[in-house]
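**Q** Structure: entry.txt, compact mmCIF, C-alpha atoms.
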# COMPACT_ATOMS: atom_id res chain seq x y z
CA MET A 1 102.61 265.29 -112.29
CA SER A 2 103.05 266.46 -108.73
CA GLN A 3 100.22 266.23 -106.23
CA ILE A 4 98.04 269.34 -105.97
CA LYS A 5 97.39 270.75 -102.52
CA PRO A 6 93.89 272.03 -101.75
CA ASP A 7 95.15 275.55 -101.04
CA ASP A 8 96.71 275.72 -104.50
CA VAL A 9 93.32 276.05 -106.18
CA GLY A 10 91.57 279.39 -105.89
CA LEU A 11 88.56 281.24 -107.25
CA ILE A 12 89.09 284.85 -108.21
CA ARG A 13 85.95 286.88 -107.65
CA ILE A 14 85.07 290.34 -108.89
CA LEU A 15 83.59 292.65 -106.27
CA GLN A 16 79.84 292.30 -106.37
CA THR A 17 77.31 295.08 -106.79
CA GLU A 18 74.74 295.75 -104.08
CA THR A 19 72.13 293.78 -106.03
CA PRO A 20 72.75 290.01 -105.80
CA SER A 21 73.34 288.32 -109.14
CA SER A 22 70.86 285.76 -110.42
CA PHE A 23 73.60 283.40 -111.65
CA ARG A 24 77.21 282.43 -111.06
CA LEU A 25 79.50 281.69 -114.00
CA ILE A 26 82.62 279.70 -113.09
CA CYS A 27 85.29 280.17 -115.76
CA PHE A 28 87.94 277.56 -116.53
CA PRO A 29 90.81 279.27 -118.39
CA GLU A 30 93.04 277.51 -120.88
CA SER A 31 96.12 277.80 -118.65
CA ALA A 32 97.37 279.01 -115.29
CA HIS A 33 98.25 282.39 -116.80
CA SER A 34 95.03 283.34 -118.57
CA THR A 35 92.56 284.36 -115.87
CA ALA A 36 92.58 288.10 -116.57
CA TYR A 37 90.39 287.83 -119.66
CA TYR A 38 87.55 286.18 -117.77
CA LEU A 39 87.61 288.76 -115.02
CA SER A 40 87.17 291.47 -117.62
CA LEU A 41 83.91 289.81 -118.67
CA SER A 42 82.38 290.59 -115.30
CA GLU A 43 81.97 294.27 -116.14
CA LEU A 44 79.75 293.25 -119.05
CA LEU A 45 77.80 290.52 -117.25
CA LEU A 46 77.14 292.15 -113.87
CA PRO A 47 74.75 292.50 -112.18
CA THR A 48 72.87 289.58 -113.77
CA VAL A 49 75.79 287.13 -113.79
CA GLU A 50 78.58 287.00 -111.23
CA VAL A 51 81.87 285.81 -112.72
CA LEU A 52 84.46 283.75 -110.86
CA ALA A 53 87.64 282.50 -112.52
CA ILE A 54 89.51 279.39 -111.47
CA GLN A 55 93.13 280.09 -110.54
CA TYR A 56 95.14 276.95 -111.21
CA PRO A 57 98.22 276.18 -109.10
CA LEU A 58 101.22 277.82 -110.73
CA CYS A 59 103.64 275.25 -109.34
CA ALA A 60 102.02 272.18 -110.86
CA GLY A 61 103.14 272.51 -114.47
CA LEU A 62 99.64 273.36 -115.68
CA GLU A 63 100.79 275.65 -118.48
CA ASP A 64 100.47 272.65 -120.79
CA ASP A 65 97.09 271.79 -122.33
CA ASP A 66 97.47 268.03 -121.95
CA ARG A 67 98.33 268.20 -118.26
CA LEU A 68 95.37 270.48 -117.63
CA THR A 69 93.00 268.21 -119.54
CA ASP A 70 94.21 264.96 -117.95
CA SER A 71 94.33 266.20 -114.36
CA ALA A 72 91.60 264.24 -112.59
CA ASP A 73 93.11 265.33 -109.29
CA LEU A 74 92.76 268.99 -110.22
CA ALA A 75 89.11 268.43 -111.16
CA ASP A 76 88.52 266.92 -107.71
CA ARG A 77 90.17 269.91 -106.00
CA ILE A 78 88.09 272.38 -107.97
CA PHE A 79 84.90 270.52 -107.15
CA GLY A 80 85.81 270.75 -103.47
CA ALA A 81 86.49 274.48 -103.75
CA LEU A 82 83.06 275.13 -105.26
CA GLY A 83 81.18 274.07 -102.13
CA GLU A 84 80.45 277.55 -100.79
CA TRP A 85 79.50 278.93 -104.21
CA MET A 86 76.56 276.64 -104.99
CA ASP A 87 73.84 278.74 -103.40
CA ARG A 88 72.83 280.26 -106.75
CA PRO A 89 72.18 278.73 -110.18
CA LEU A 90 75.56 277.75 -111.60
CA ALA A 91 77.06 277.62 -115.09
CA PHE A 92 80.56 276.72 -116.29
CA PHE A 93 82.56 278.31 -119.10
CA GLY A 94 85.67 276.45 -120.23
CA HIS A 95 87.99 277.58 -123.03
CA ARG A 96 90.27 275.19 -124.95
CA ALA A 97 91.82 272.82 -122.39
CA GLY A 98 89.65 274.47 -119.74
CA ALA A 99 86.60 273.09 -121.54
CA ASP A 100 87.73 269.52 -120.84
CA LEU A 101 88.33 270.36 -117.20
CA ALA A 102 84.95 272.09 -116.89
CA TYR A 103 83.31 268.95 -118.28
CA ARG A 104 85.07 266.77 -115.69
CA VAL A 105 83.91 269.00 -112.84
CA ALA A 106 80.36 269.18 -114.26
CA GLU A 107 80.26 265.36 -114.29
CA ARG A 108 81.36 265.26 -110.67
CA LEU A 109 78.86 267.95 -109.67
CA GLU A 110 75.93 266.13 -111.24
CA ARG A 111 77.01 262.74 -109.91
CA GLU A 112 77.66 263.92 -106.34
CA THR A 113 74.82 266.42 -105.87
CA GLY A 114 72.20 265.23 -108.34
CA THR A 115 71.84 268.82 -109.53
CA PRO A 116 72.97 269.60 -113.07
CA LEU A 117 74.41 272.90 -114.17
CA LEU A 118 72.19 275.35 -115.95
CA THR A 119 74.65 275.38 -118.86
CA LEU A 120 78.10 274.09 -119.69
CA PHE A 121 79.77 276.43 -122.20
CA VAL A 122 82.66 274.72 -124.03
CA SER A 123 84.75 277.03 -126.16
CA GLY A 124 87.40 276.39 -128.79
CA ARG A 125 87.58 272.66 -128.12
CA THR A 126 86.57 269.44 -129.81
CA ALA A 127 85.09 266.57 -127.79
CA HIS A 128 87.93 264.25 -128.70
CA TRP A 129 88.73 262.30 -125.55
CA GLY A 130 87.04 259.65 -123.45
CA MET A 131 84.33 258.77 -125.95
CA THR A 132 82.37 255.80 -124.60
CA LEU A 133 79.20 253.95 -125.50
CA GLY A 134 76.15 254.26 -123.31
CA PRO A 135 74.03 257.18 -122.06
CA PRO A 136 75.57 260.67 -121.84
CA ALA A 137 77.17 261.59 -118.55
CA LEU A 138 75.45 264.97 -118.27
CA GLY A 139 71.88 266.17 -118.28
CA CYS A 140 72.56 269.91 -118.54
CA ARG A 141 72.50 272.05 -121.64
CA ILE A 142 75.81 272.23 -123.48
CA VAL A 143 76.61 275.25 -125.63
CA ALA A 144 79.70 274.84 -127.83
CA LEU A 145 81.50 277.92 -129.19
CA ALA A 146 83.93 277.82 -132.10
CA GLY A 147 85.71 280.06 -134.60
CA GLU A 148 84.66 279.31 -138.15
CA GLY A 149 88.25 279.33 -139.41
CA ASP A 150 90.06 277.56 -136.59
CA PRO A 151 91.95 274.59 -138.08
CA ARG A 152 92.52 273.11 -134.61
CA THR A 153 88.81 272.84 -133.83
CA PRO A 154 86.96 271.53 -136.90
CA LEU A 155 83.22 271.93 -136.50
CA ARG A 156 82.62 268.19 -136.82
CA GLY A 157 84.67 267.65 -133.67
CA VAL A 158 82.98 270.52 -131.86
CA ARG A 159 79.55 269.08 -132.68
CA ALA A 160 80.61 265.85 -130.95
CA TRP A 161 79.88 267.59 -127.63
CA ARG A 162 76.21 266.86 -128.28
CA ARG A 163 76.93 263.21 -127.38
CA ARG A 164 77.98 264.28 -123.88
CA THR A 165 74.57 265.36 -122.67
CA SER A 166 70.99 264.12 -122.69
CA GLY A 167 69.94 267.77 -122.52
CA ARG A 168 69.87 270.44 -125.16
CA PHE A 169 72.89 271.13 -127.36
CA ASP A 170 73.63 274.34 -129.24
CA LEU A 171 76.56 275.27 -131.49
CA GLU A 172 77.55 278.90 -131.92
CA VAL A 173 80.09 279.75 -134.63
CA PHE A 174 81.90 283.11 -134.63
CA PRO A 175 83.82 284.83 -137.42
CA GLY A 176 87.59 284.40 -137.40
CA SER A 177 89.70 281.62 -136.01
CA ARG A 178 91.22 281.17 -132.55
CA TYR A 179 90.76 284.65 -131.13
CA TYR A 180 87.01 285.13 -131.34
CA LEU A 181 86.77 285.66 -127.58
CA ASP A 182 88.49 289.00 -128.17
CA SER A 183 87.12 289.95 -131.59
CA SER A 184 83.54 288.92 -130.71
CA ARG A 185 83.57 289.64 -126.98
CA ARG A 186 80.24 291.44 -126.90
CA GLU A 187 78.58 288.65 -128.88
CA VAL A 188 79.99 286.01 -126.51
CA VAL A 189 78.74 287.98 -123.48
CA ASN A 190 75.28 288.34 -125.02
CA LEU A 191 75.20 284.61 -125.72
CA VAL A 192 76.05 283.72 -122.11
CA HIS A 193 73.58 286.25 -120.74
CA ASP A 194 70.70 285.20 -123.00
CA GLN A 195 71.27 281.45 -122.55
CA LEU A 196 71.16 281.75 -118.77
CA LEU A 197 68.19 284.11 -118.65
CA SER A 198 66.21 281.78 -120.91
CA GLN A 199 66.32 279.12 -118.18
CA VAL A 200 65.06 281.15 -115.21
CA PRO A 201 61.96 279.51 -113.68
CA VAL A 202 59.10 281.87 -112.91
CA ASP A 203 59.34 281.00 -109.20
CA ALA A 204 63.02 281.93 -109.13
CA GLU A 205 62.26 285.30 -110.70
CA TRP A 206 59.61 285.96 -108.06
CA GLU A 207 61.91 284.98 -105.20
CA ALA A 208 64.69 287.21 -106.51
CA GLY A 209 62.28 290.14 -106.68
CA ALA A 210 61.03 289.48 -103.15
CA GLU A 211 64.59 289.35 -101.81
CA ASP A 212 65.45 292.66 -103.44
CA GLN A 213 62.43 294.21 -101.69
CA GLY A 214 63.47 292.85 -98.31
CA ALA A 215 60.75 290.19 -98.12
Represent the supplied structure as structure tokens.

**A**
Amino acid sequence: MSQIKPDDVGLIRILQTETPSSFRLICFPESAHSTAYYLSLSELLLPTVEVLAIQYPLCAGLEDDDRLTDSADLADRIFGALGEWMDRPLAFFGHRAGADLAYRVAERLERETGTPLLTLFVSGRTAHWGMTLGPPALGCRIVALAGEGDPRTPLRGVRAWRRRTSGRFDLEVFPGSRYYLDSSRREVVNLVHDQLLSQVPVDAEWEAGAEDQGA
């Protein structure tokens, strides 16, 4: 595929409320044309979680799942673009092919910075590529989401994500097949919100309260 220029990768951010969010959720869509859904989640997650969606380069042929999944160069560009957004606890949410890409960037983040994500959410995807022996590449929590009737993501393959982390693994199964992000939107939002809030250290809660009071 063609080389990807740094300026081709963008993060689309919803306008923030006056109160700073406790977390940032970086969303990795399934294609270059599917960012709108993730931006709509921000209305449900703010002010606790700030949502940013990755905008893939439209000129790089990334409408195809395999190209998105196999693009190591794109993962590098996204990692570079995240530099200014790492000042708050970070989580990734990747759907379908975006789940593979989110995993690649999470690996790079942990390897380069030594700081794991709070949570990697992988949605509608089996862990079917790059299986190797040895210790898991990640130390963060992985939460896998799946539709109970999706023939393209059998639960056995979705559970294989547990081998990718030495941290906690959770599997959440939603009614329906491939379109549970729409049919169970509120449930997905509650899952993201509750998973992130469950990991807030007491010190972080105190500091956030002090900042809000102008300390």

**Q** At what distance in Å, to one decimal, does CA of Ala127 (chain A) lie from CA of Arg159 (chain A)?

**A** 7.8 Å

**Q** Could you please determine the separation between CA of Leu39 (chain A) and CA of Val105 (chain A) in Å, to one decimal place?

**A**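 Interatomic distance here is 20.2 Å.
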
**Q** Please compute the CA of Thr115 (chain A)-CA of Thr48 (chain A) distance, one decimal, in Å.

**A**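 Distance reported for this atom pair: 21.2 Å.
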
**Q** Counting only C-alpha atoms, which of A:Leu171, A:Ile26, A:Leu44, A:Leu145 gets nearest to Phe79 (chain A)?

**A**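 Of the candidates, the smallest distance to Phe79 (chain A) is held by A:Ile26.
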
**Q** Glu187 (chain A): which residues within 12 Å, counting only C-alpha atoms, same-chain residues fewer than 3 positions away excluded, as a list in words?

**A** Leu41, Leu44, Leu45, Leu145, Glu172, Val173, Phe174, Pro175, Tyr180, Leu181, Asp182, Ser183, Ser184, Asn190, Leu191, Val192, His193 and Asp194 of chain A

**Q** Give me a file of those residues, with C-alpha atoms, as a PDB file, in the coordinates of the input.

**A**
ATOM      1  CA  LEU A  41      83.910 289.810-118.670  1.00  0.00           C
ATOM      2  CA  LEU A  44      79.750 293.250-119.050  1.00  0.00           C
ATOM      3  CA  LEU A  45      77.800 290.520-117.250  1.00  0.00           C
ATOM      4  CA  LEU A 145      81.500 277.920-129.190  1.00  0.00           C
ATOM      5  CA  GLU A 172      77.550 278.900-131.920  1.00  0.00           C
ATOM      6  CA  VAL A 173      80.090 279.750-134.630  1.00  0.00           C
ATOM      7  CA  PHE A 174      81.900 283.110-134.630  1.00  0.00           C
ATOM      8  CA  PRO A 175      83.820 284.830-137.420  1.00  0.00           C
ATOM      9  CA  TYR A 180      87.010 285.130-131.340  1.00  0.00           C
ATOM     10  CA  LEU A 181      86.770 285.660-127.580  1.00  0.00           C
ATOM     11  CA  ASP A 182      88.490 289.000-128.170  1.00  0.00           C
ATOM     12  CA  SER A 183      87.120 289.950-131.590  1.00  0.00           C
ATOM     13  CA  SER A 184      83.540 288.920-130.710  1.00  0.00           C
ATOM     14  CA  ASN A 190      75.280 288.340-125.020  1.00  0.00           C
ATOM     15  CA  LEU A 191      75.200 284.610-125.720  1.00  0.00           C
ATOM     16  CA  VAL A 192      76.050 283.720-122.110  1.00  0.00           C
ATOM     17  CA  HIS A 193      73.580 286.250-120.740  1.00  0.00           C
ATOM     18  CA  ASP A 194      70.700 285.200-123.000  1.00  0.00           C
TER      19      ASP A 194
END

**Q** From the list A:Val158, A:Ala32, A:Ala106, A:Val143, which residue is nearest Ile78 (chain A) when using only C-alpha atoms?

**A** A:Ala106

**Q** Pick out the closest residue to Ser34 (chain A) from this set: A:Ala102, A:Ala91, A:Ala97, A:Leu82. Count only C-alpha atoms.

**A**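 Looking at the shortest contact to Ser34 (chain A), the residue is A:Ala97.
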
**Q** Tell me which of A:Gly98, A:Pro20, A:Gly134, A:Gly83 sits closest to Leu120 (chain A), counting all atoms listed in the file.

**A** A:Gly98

**Q** Choose the residue, out of A:Pro116, A:Pro29, A:Pro57, A:Pro47, that has the smallest atom-to-atom separation from Gly10 (chain A); count only C-alpha atoms.

**A**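 Of A:Pro116, A:Pro29, A:Pro57, A:Pro47, the one nearest Gly10 (chain A), counting only C-alpha atoms, is A:Pro57.
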
**Q** Which residue, A:Phe169, A:Ile12, A:Gly139, A:Ala146, has the smallest gap to Ser42 (chain A) when you use only C-alpha atoms?

**A**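 Once distances to Ser42 (chain A) are computed over only C-alpha atoms, the minimum belongs to A:Ile12.
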
**Q** Compile the contact shell of Ser177 (chain A) as a PyMOL selection string: residues with an atom at most 8 Å away, counting all atoms listed in the file, same-chain residues fewer than 4 positions apart removed.

**A** chain A and resi 146-151

**Q** Please report, as AutoDock Vina command-line options, the centre and edge lengths in Å to one decimal of an axis-aligned box covering all listed atoms of region 40-46 of chain A with 6 Å per side.

**A**
--center_x 82.2 --center_y 292.0 --center_z -116.5 --size_x 22.0 --size_y 16.5 --size_z 17.2
